[in-house]
Each structure stands twice: as C-alpha cells, then as structure tokens.
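Each remark here refers to the structure printed beneath this line.
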Amino acid sequence: MSVVFTAEFVPARAFAATCGCPQATALAPDHPTFEAADAAAQAANLLPRTALPGCDLADICPDYPLRAEAVDPDAAPVVDVHNRNAERLLELLGLEGELEAAGARSPAAPPAPDRFGEMDAEAFLGRALMALALTPEDAGSEGTWRGRVFTGGRSAGHLQRRLRELHDLAQWCATRGRTVTWG
C-alpha cells in the first residue's frame, strides 16, 4: 500500500488517439471529445501503420492498437511513498495531529494505512519548508518482520529526498493555482 501526493485533478483539455507513450500522446492531434478520439483510433486500427512520432517503443508500436486517451493539461508531479514513510512524512509536515483532530483516526486505534487529504499549495509549501529546515538528517531505518509480513525500511537521507520532492510538488501546484492532494 502507498500514499500518492500530487496535484488536484483537472479535467482533460483534449483527447488523443495514441499508443499511450507520453511523448506520442503529447504530439498526437487533439480531439475535442473522447468519442472523436476513439473514432480516430478505431479508424487507424483498421489500416497498417508506422510507429507514432515520439513513441518509446517504436519497434512494436505498429503491432498494437491505438486507443483514446485524455490529454492532461499539465503533467502533474507525483510523489509515491509507502504507508509507513507516508505517515512519517505527514507527521513531519505537521499534518498527523490535524488528521486525528478531524476524526481520521481514534487515539486508541492503530495507525490507519490509508491517508488522504488536500491543502492549499502555499500552505503545503510552507509546511514542506519548515519540515526541511527542522528535520535532522535521516539515518534510515531497518525493515521489520511480523510473522510473514515484512515492512521495508528506508535508506539514509530518504526523508529529506521525499521532503524536497514534496516541496517541488507544492511549488509546481502554487504556480498553476492547484491544490496539493494525497491519498
């Protein structure tokens, strides 16, 4: 299980008939609706074709059908961390107490594996800066076994790397007027 930090969802600006490779999708002609992109994909699938411009797998691209896909207005950064590290990061950001106060977890209950929320990018950016300034260098941690379940550790400096990624995500969101979300 993991927690993903990213920008709030924004509807697609257009749709494309694509193989799915990010660069090929970005270079494909835009269609105003999913239905128009799907029709273009189905028509292209009836004919022999070459690899799409920008395809990462040009040698096998022609062997697979095209499909309609949403074109993200901005490719939002994603920070994906497993639950144990996510709880630690939320704690460093000062969000763990707020989640408990909001009733996300009762004080007697064990840590909940699912964490979710959203915050204004400027506020999240401030928390990330404070956490970076106040968190001592992470020495890492060993993984642990409970019966047959292994909970992985983390390498030295991991928390600082993730906090920098969260800082970058918050800056990205702030410049685009989008909220930081996690869950």
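By order of appearance in the structure tokens: chains A, B, ..., then residues from 1 within every chain, and ligands from 1 in the order shown.
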
For this session: Would you kindly return, as an MDAnalysis selection string, each protein, DNA or RNA residue with an atom no farther than 12 Å from any atom of Pro11 (chain A), considering only C-alpha atoms and excluding same-chain residues fewer than 5 positions away?
Result: chainID A and resid 33 70:74

For this session: Name all residues at most 8 Å from Phe116 (chain A) (count only C-alpha atoms; drop same-chain ones fewer than 2 positions away) and give them as JSON, numbers by chain.
Result: {"A": [3, 114, 118, 181, 182, 183]}

Residues from last step as file, all heavy atoms, as a PDB file, in the first residue's frame:
ATOM      1  N   VAL A   3       0.849   5.870  -0.461  1.00  0.00           N
ATOM      2  CA  VAL A   3       0.148   7.144  -0.491  1.00  0.00           C
ATOM      3  C   VAL A   3       0.776   7.958  -1.614  1.00  0.00           C
ATOM      4  O   VAL A   3       1.997   8.041  -1.710  1.00  0.00           O
ATOM      5  CB  VAL A   3       0.269   7.883   0.859  1.00  0.00           C
ATOM      6  CG1 VAL A   3      -0.338   9.268   0.777  1.00  0.00           C
ATOM      7  CG2 VAL A   3      -0.403   7.073   1.963  1.00  0.00           C
ATOM      8  N   ASP A 114      -4.561   3.981   5.378  1.00  0.00           N
ATOM      9  CA  ASP A 114      -4.997   4.897   4.333  1.00  0.00           C
ATOM     10  C   ASP A 114      -4.948   6.324   4.826  1.00  0.00           C
ATOM     11  O   ASP A 114      -5.582   6.669   5.805  1.00  0.00           O
ATOM     12  CB  ASP A 114      -6.417   4.557   3.883  1.00  0.00           C
ATOM     13  CG  ASP A 114      -6.482   3.199   3.238  1.00  0.00           C
ATOM     14  OD1 ASP A 114      -5.593   2.871   2.451  1.00  0.00           O
ATOM     15  OD2 ASP A 114      -7.430   2.472   3.544  1.00  0.00           O
ATOM     16  N   GLU A 118      -6.097  17.121   1.336  1.00  0.00           N
ATOM     17  CA  GLU A 118      -5.735  18.149   0.357  1.00  0.00           C
ATOM     18  C   GLU A 118      -5.429  19.423   1.116  1.00  0.00           C
ATOM     19  O   GLU A 118      -5.895  19.625   2.234  1.00  0.00           O
ATOM     20  CB  GLU A 118      -6.835  18.364  -0.667  1.00  0.00           C
ATOM     21  CG  GLU A 118      -8.126  18.845  -0.089  1.00  0.00           C
ATOM     22  CD  GLU A 118      -9.210  19.002  -1.144  1.00  0.00           C
ATOM     23  OE1 GLU A 118      -9.128  18.404  -2.229  1.00  0.00           O
ATOM     24  OE2 GLU A 118     -10.155  19.755  -0.863  1.00  0.00           O
ATOM     25  N   THR A 181      -2.818  17.349  -3.233  1.00  0.00           N
ATOM     26  CA  THR A 181      -3.675  16.281  -2.706  1.00  0.00           C
ATOM     27  C   THR A 181      -2.827  15.066  -2.379  1.00  0.00           C
ATOM     28  O   THR A 181      -1.731  14.897  -2.924  1.00  0.00           O
ATOM     29  CB  THR A 181      -4.773  15.868  -3.710  1.00  0.00           C
ATOM     30  OG1 THR A 181      -4.153  15.289  -4.864  1.00  0.00           O
ATOM     31  CG2 THR A 181      -5.626  17.037  -4.114  1.00  0.00           C
ATOM     32  N   TRP A 182      -3.326  14.229  -1.483  1.00  0.00           N
ATOM     33  CA  TRP A 182      -2.658  12.967  -1.193  1.00  0.00           C
ATOM     34  C   TRP A 182      -3.697  11.940  -0.794  1.00  0.00           C
ATOM     35  O   TRP A 182      -4.755  12.264  -0.281  1.00  0.00           O
ATOM     36  CB  TRP A 182      -1.572  13.120  -0.127  1.00  0.00           C
ATOM     37  CG  TRP A 182      -2.048  13.602   1.207  1.00  0.00           C
ATOM     38  CD1 TRP A 182      -2.399  12.826   2.285  1.00  0.00           C
ATOM     39  CD2 TRP A 182      -2.229  14.958   1.625  1.00  0.00           C
ATOM     40  NE1 TRP A 182      -2.780  13.614   3.334  1.00  0.00           N
ATOM     41  CE2 TRP A 182      -2.685  14.925   2.969  1.00  0.00           C
ATOM     42  CE3 TRP A 182      -2.061  16.199   1.016  1.00  0.00           C
ATOM     43  CZ2 TRP A 182      -2.974  16.069   3.692  1.00  0.00           C
ATOM     44  CZ3 TRP A 182      -2.353  17.340   1.747  1.00  0.00           C
ATOM     45  CH2 TRP A 182      -2.788  17.274   3.055  1.00  0.00           C
ATOM     46  N   GLY A 183      -3.387  10.723  -1.082  1.00  0.00           N
ATOM     47  CA  GLY A 183      -4.287   9.626  -0.733  1.00  0.00           C
ATOM     48  C   GLY A 183      -3.866   8.330  -1.354  1.00  0.00           C
ATOM     49  O   GLY A 183      -2.906   8.232  -2.059  1.00  0.00           O
TER      50      GLY A 183
END

Problem set entry | Exercise: region 146-152 of chain A partners within 12 Å, only C-alpha atoms, chain neighbours under 3 positions left out, as a ChimeraX atom specification | /A:1,81-85,140-143,155

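For the set A:Glu35, A:Glu87, A:Asp30, A:Glu122, the residue with the smallest atom-to-atom gap to Leu159 (chain A) is A:Glu87, counting only C-alpha atoms.
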
Problem set entry | Distance query Cys21 (chain A) at most 12 Å, only C-alpha atoms, self and fewer than 6 positions along chain excluded, as number ranges by chain | A: 27-28, 51-58, 61, 66-67, 69, 71

Atoms kept (N, CA, C and O atoms) for selection, written as a PDB file, in the first residue's frame:
ATOM      1  N   LEU A  27       2.291  14.646 -28.770  1.00  0.00           N
ATOM      2  CA  LEU A  27       2.448  15.038 -30.175  1.00  0.00           C
ATOM      3  C   LEU A  27       1.237  14.702 -31.042  1.00  0.00           C
ATOM      4  O   LEU A  27       1.122  15.206 -32.159  1.00  0.00           O
ATOM      5  N   ALA A  28       0.336  13.864 -30.558  1.00  0.00           N
ATOM      6  CA  ALA A  28      -0.824  13.444 -31.347  1.00  0.00           C
ATOM      7  C   ALA A  28      -1.788  14.608 -31.538  1.00  0.00           C
ATOM      8  O   ALA A  28      -1.881  15.497 -30.687  1.00  0.00           O
ATOM      9  N   ALA A  51       5.034   3.467 -36.457  1.00  0.00           N
ATOM     10  CA  ALA A  51       5.056   3.926 -35.063  1.00  0.00           C
ATOM     11  C   ALA A  51       4.662   5.398 -35.012  1.00  0.00           C
ATOM     12  O   ALA A  51       4.966   6.177 -35.923  1.00  0.00           O
ATOM     13  N   LEU A  52       4.000   5.772 -33.952  1.00  0.00           N
ATOM     14  CA  LEU A  52       3.626   7.167 -33.774  1.00  0.00           C
ATOM     15  C   LEU A  52       4.866   7.997 -33.456  1.00  0.00           C
ATOM     16  O   LEU A  52       5.790   7.515 -32.786  1.00  0.00           O
ATOM     17  N   PRO A  53       4.900   9.251 -33.911  1.00  0.00           N
ATOM     18  CA  PRO A  53       6.020  10.119 -33.532  1.00  0.00           C
ATOM     19  C   PRO A  53       6.100  10.233 -32.008  1.00  0.00           C
ATOM     20  O   PRO A  53       5.076  10.419 -31.349  1.00  0.00           O
ATOM     21  N   GLY A  54       7.294  10.074 -31.472  1.00  0.00           N
ATOM     22  CA  GLY A  54       7.502  10.186 -30.041  1.00  0.00           C
ATOM     23  C   GLY A  54       7.276   8.901 -29.263  1.00  0.00           C
ATOM     24  O   GLY A  54       7.420   8.885 -28.044  1.00  0.00           O
ATOM     25  N   CYS A  55       6.924   7.803 -29.943  1.00  0.00           N
ATOM     26  CA  CYS A  55       6.670   6.541 -29.247  1.00  0.00           C
ATOM     27  C   CYS A  55       7.966   6.008 -28.642  1.00  0.00           C
ATOM     28  O   CYS A  55       9.013   6.001 -29.286  1.00  0.00           O
ATOM     29  N   ASP A  56       7.884   5.541 -27.385  1.00  0.00           N
ATOM     30  CA  ASP A  56       9.041   4.971 -26.687  1.00  0.00           C
ATOM     31  C   ASP A  56       9.392   3.573 -27.189  1.00  0.00           C
ATOM     32  O   ASP A  56      10.511   3.111 -27.002  1.00  0.00           O
ATOM     33  N   LEU A  57       8.422   2.897 -27.798  1.00  0.00           N
ATOM     34  CA  LEU A  57       8.606   1.516 -28.259  1.00  0.00           C
ATOM     35  C   LEU A  57       8.309   1.424 -29.750  1.00  0.00           C
ATOM     36  O   LEU A  57       7.454   0.650 -30.191  1.00  0.00           O
ATOM     37  N   ALA A  58       9.038   2.193 -30.535  1.00  0.00           N
ATOM     38  CA  ALA A  58       8.760   2.313 -31.962  1.00  0.00           C
ATOM     39  C   ALA A  58       8.808   0.972 -32.697  1.00  0.00           C
ATOM     40  O   ALA A  58       8.096   0.786 -33.685  1.00  0.00           O
ATOM     41  N   CYS A  61       5.307  -0.629 -31.651  1.00  0.00           N
ATOM     42  CA  CYS A  61       4.126   0.246 -31.667  1.00  0.00           C
ATOM     43  C   CYS A  61       3.108  -0.132 -32.744  1.00  0.00           C
ATOM     44  O   CYS A  61       1.919  -0.254 -32.450  1.00  0.00           O
ATOM     45  N   LEU A  66      -4.271   1.468 -31.316  1.00  0.00           N
ATOM     46  CA  LEU A  66      -4.331   2.779 -30.685  1.00  0.00           C
ATOM     47  C   LEU A  66      -5.591   2.849 -29.830  1.00  0.00           C
ATOM     48  O   LEU A  66      -6.533   2.085 -30.022  1.00  0.00           O
ATOM     49  N   ARG A  67      -5.593   3.784 -28.903  1.00  0.00           N
ATOM     50  CA  ARG A  67      -6.762   3.975 -28.039  1.00  0.00           C
ATOM     51  C   ARG A  67      -6.937   5.470 -27.767  1.00  0.00           C
ATOM     52  O   ARG A  67      -5.996   6.244 -27.914  1.00  0.00           O
ATOM     53  N   GLU A  69      -7.271   8.571 -25.371  1.00  0.00           N
ATOM     54  CA  GLU A  69      -6.736   8.887 -24.048  1.00  0.00           C
ATOM     55  C   GLU A  69      -6.855  10.385 -23.803  1.00  0.00           C
ATOM     56  O   GLU A  69      -6.679  11.188 -24.710  1.00  0.00           O
ATOM     57  N   VAL A  71      -5.761  14.011 -22.647  1.00  0.00           N
ATOM     58  CA  VAL A  71      -4.521  14.777 -22.653  1.00  0.00           C
ATOM     59  C   VAL A  71      -4.544  15.656 -21.411  1.00  0.00           C
ATOM     60  O   VAL A  71      -5.383  16.552 -21.289  1.00  0.00           O
TER      61      VAL A  71
END

For this session: Fewer than 6 positions away in the same chain doesn't count, so skip those; otherwise give me all residues within 10 Å of Met119 (chain A), counting only C-alpha atoms, as a PyMOL selection string.
Result: chain A and resi 7-8+125+170+178-182

Got time to write the residues from that selection, C-alpha atoms, as a PDB file, in the first residue's frame?
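Resulting contents of selection09.pdb:
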ATOM      1  CA  ALA A   7      -1.929  17.981  -7.744  1.00  0.00           C
ATOM      2  CA  GLU A   8      -5.705  18.111  -7.676  1.00  0.00           C
ATOM      3  CA  LEU A 125       4.833  24.701   0.617  1.00  0.00           C
ATOM      4  CA  ALA A 170       3.955  22.302  -3.818  1.00  0.00           C
ATOM      5  CA  ARG A 178      -3.777  23.915  -7.994  1.00  0.00           C
ATOM      6  CA  THR A 179      -4.238  22.246  -4.626  1.00  0.00           C
ATOM      7  CA  VAL A 180      -1.856  19.562  -3.289  1.00  0.00           C
ATOM      8  CA  THR A 181      -3.675  16.281  -2.706  1.00  0.00           C
ATOM      9  CA  TRP A 182      -2.658  12.967  -1.193  1.00  0.00           C
TER      10      TRP A 182
END

For this session: Could you tell me, as a PyMOL selection string, which residues of region 1-160 of chain A DSSP assigns to helix (DSSP H, G or I) when given the backbone?
Result: chain A and resi 22-27+34-45+61-63+83-92+96-101+121-134+158-160

Exercise. What separation in Å, quoted to one decimal, exists between CA of Phe9 (chain A) and CA of Arg161 (chain A)?
Worked result: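 CA of Phe9 (chain A) sits 24.6 Å away from CA of Arg161 (chain A).
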
Problem set entry | Interatomic distance, CA of Gly20 (chain A) to CA of Phe5 (chain A) (Å, one decimal) | 22.7 Å

For this session: Excluding region 38-50 of chain A and any residue of its chain fewer than 4 positions from it, enumerate the residues within 7 Å of it, using only C-alpha atoms, and give them as a ChimeraX atom specification.
Result: /A:17,34,62,65-68

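When only C-alpha atoms are used to measure the gap to Ala75 (chain A), the shortest distance among A:Arg88, A:His167, A:Arg13, A:His158 belongs to A:Arg13.
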
All strand (DSSP E) residues (DSSP, backbone) inside region 48-96 of chain A, as a PDB file with all heavy atoms, in the first residue's frame:
ATOM      1  N   ARG A  67      -5.593   3.784 -28.903  1.00  0.00           N
ATOM      2  CA  ARG A  67      -6.762   3.975 -28.039  1.00  0.00           C
ATOM      3  C   ARG A  67      -6.937   5.470 -27.767  1.00  0.00           C
ATOM      4  O   ARG A  67      -5.996   6.244 -27.914  1.00  0.00           O
ATOM      5  CB  ARG A  67      -6.606   3.197 -26.744  1.00  0.00           C
ATOM      6  CG  ARG A  67      -5.445   3.655 -25.897  1.00  0.00           C
ATOM      7  CD  ARG A  67      -5.329   2.817 -24.623  1.00  0.00           C
ATOM      8  NE  ARG A  67      -4.269   3.286 -23.783  1.00  0.00           N
ATOM      9  CZ  ARG A  67      -3.017   2.898 -23.858  1.00  0.00           C
ATOM     10  NH1 ARG A  67      -2.649   2.020 -24.766  1.00  0.00           N
ATOM     11  NH2 ARG A  67      -2.113   3.381 -23.039  1.00  0.00           N
ATOM     12  N   ALA A  68      -8.126   5.828 -27.364  1.00  0.00           N
ATOM     13  CA  ALA A  68      -8.405   7.219 -26.998  1.00  0.00           C
ATOM     14  C   ALA A  68      -7.924   7.442 -25.576  1.00  0.00           C
ATOM     15  O   ALA A  68      -8.119   6.605 -24.697  1.00  0.00           O
ATOM     16  CB  ALA A  68      -9.890   7.501 -27.107  1.00  0.00           C
ATOM     17  N   GLU A  69      -7.271   8.571 -25.371  1.00  0.00           N
ATOM     18  CA  GLU A  69      -6.736   8.887 -24.048  1.00  0.00           C
ATOM     19  C   GLU A  69      -6.855  10.385 -23.803  1.00  0.00           C
ATOM     20  O   GLU A  69      -6.679  11.188 -24.710  1.00  0.00           O
ATOM     21  CB  GLU A  69      -5.263   8.468 -24.002  1.00  0.00           C
ATOM     22  CG  GLU A  69      -4.773   8.150 -22.627  1.00  0.00           C
ATOM     23  CD  GLU A  69      -3.396   7.513 -22.664  1.00  0.00           C
ATOM     24  OE1 GLU A  69      -3.310   6.290 -22.828  1.00  0.00           O
ATOM     25  OE2 GLU A  69      -2.411   8.263 -22.541  1.00  0.00           O
ATOM     26  N   ALA A  70      -7.111  10.732 -22.557  1.00  0.00           N
ATOM     27  CA  ALA A  70      -7.197  12.139 -22.174  1.00  0.00           C
ATOM     28  C   ALA A  70      -5.812  12.773 -22.225  1.00  0.00           C
ATOM     29  O   ALA A  70      -4.817  12.134 -21.900  1.00  0.00           O
ATOM     30  CB  ALA A  70      -7.769  12.272 -20.773  1.00  0.00           C
ATOM     31  N   VAL A  71      -5.761  14.011 -22.647  1.00  0.00           N
ATOM     32  CA  VAL A  71      -4.521  14.777 -22.653  1.00  0.00           C
ATOM     33  C   VAL A  71      -4.544  15.656 -21.411  1.00  0.00           C
ATOM     34  O   VAL A  71      -5.383  16.552 -21.289  1.00  0.00           O
ATOM     35  CB  VAL A  71      -4.379  15.630 -23.931  1.00  0.00           C
ATOM     36  CG1 VAL A  71      -3.104  16.455 -23.897  1.00  0.00           C
ATOM     37  CG2 VAL A  71      -4.409  14.742 -25.168  1.00  0.00           C
ATOM     38  N   VAL A  79       4.488  12.070  -6.133  1.00  0.00           N
ATOM     39  CA  VAL A  79       5.393  11.551  -5.109  1.00  0.00           C
ATOM     40  C   VAL A  79       4.671  10.376  -4.469  1.00  0.00           C
ATOM     41  O   VAL A  79       3.676  10.558  -3.782  1.00  0.00           O
ATOM     42  CB  VAL A  79       5.762  12.625  -4.064  1.00  0.00           C
ATOM     43  CG1 VAL A  79       6.711  12.050  -3.017  1.00  0.00           C
ATOM     44  CG2 VAL A  79       6.371  13.850  -4.732  1.00  0.00           C
ATOM     45  N   ASP A  80       5.166   9.166  -4.713  1.00  0.00           N
ATOM     46  CA  ASP A  80       4.526   7.940  -4.249  1.00  0.00           C
ATOM     47  C   ASP A  80       5.390   7.318  -3.158  1.00  0.00           C
ATOM     48  O   ASP A  80       6.546   6.985  -3.404  1.00  0.00           O
ATOM     49  CB  ASP A  80       4.369   6.981  -5.430  1.00  0.00           C
ATOM     50  CG  ASP A  80       3.514   5.774  -5.121  1.00  0.00           C
ATOM     51  OD1 ASP A  80       3.103   5.598  -3.957  1.00  0.00           O
ATOM     52  OD2 ASP A  80       3.259   4.992  -6.052  1.00  0.00           O
ATOM     53  N   VAL A  81       4.847   7.192  -1.943  1.00  0.00           N
ATOM     54  CA  VAL A  81       5.595   6.614  -0.822  1.00  0.00           C
ATOM     55  C   VAL A  81       4.751   5.551  -0.140  1.00  0.00           C
ATOM     56  O   VAL A  81       3.520   5.632  -0.146  1.00  0.00           O
ATOM     57  CB  VAL A  81       6.021   7.690   0.207  1.00  0.00           C
ATOM     58  CG1 VAL A  81       7.007   8.661  -0.392  1.00  0.00           C
ATOM     59  CG2 VAL A  81       4.836   8.442   0.745  1.00  0.00           C
ATOM     60  N   HIS A  82       5.416   4.543   0.440  1.00  0.00           N
ATOM     61  CA  HIS A  82       4.629   3.511   1.119  1.00  0.00           C
ATOM     62  C   HIS A  82       4.093   4.061   2.442  1.00  0.00           C
ATOM     63  O   HIS A  82       4.560   5.065   2.971  1.00  0.00           O
ATOM     64  CB  HIS A  82       5.390   2.192   1.257  1.00  0.00           C
ATOM     65  CG  HIS A  82       6.518   2.170   2.241  1.00  0.00           C
ATOM     66  ND1 HIS A  82       6.325   2.199   3.593  1.00  0.00           N
ATOM     67  CD2 HIS A  82       7.847   2.101   2.060  1.00  0.00           C
ATOM     68  CE1 HIS A  82       7.486   2.137   4.208  1.00  0.00           C
ATOM     69  NE2 HIS A  82       8.429   2.092   3.291  1.00  0.00           N
TER      70      HIS A  82
END

Exercise. Do you have the CA of Leu166 (chain A)-CA of Ala86 (chain A) distance handy?
Worked result: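 Atom-to-atom, CA of Leu166 (chain A) to CA of Ala86 (chain A), that is 11.3 Å.
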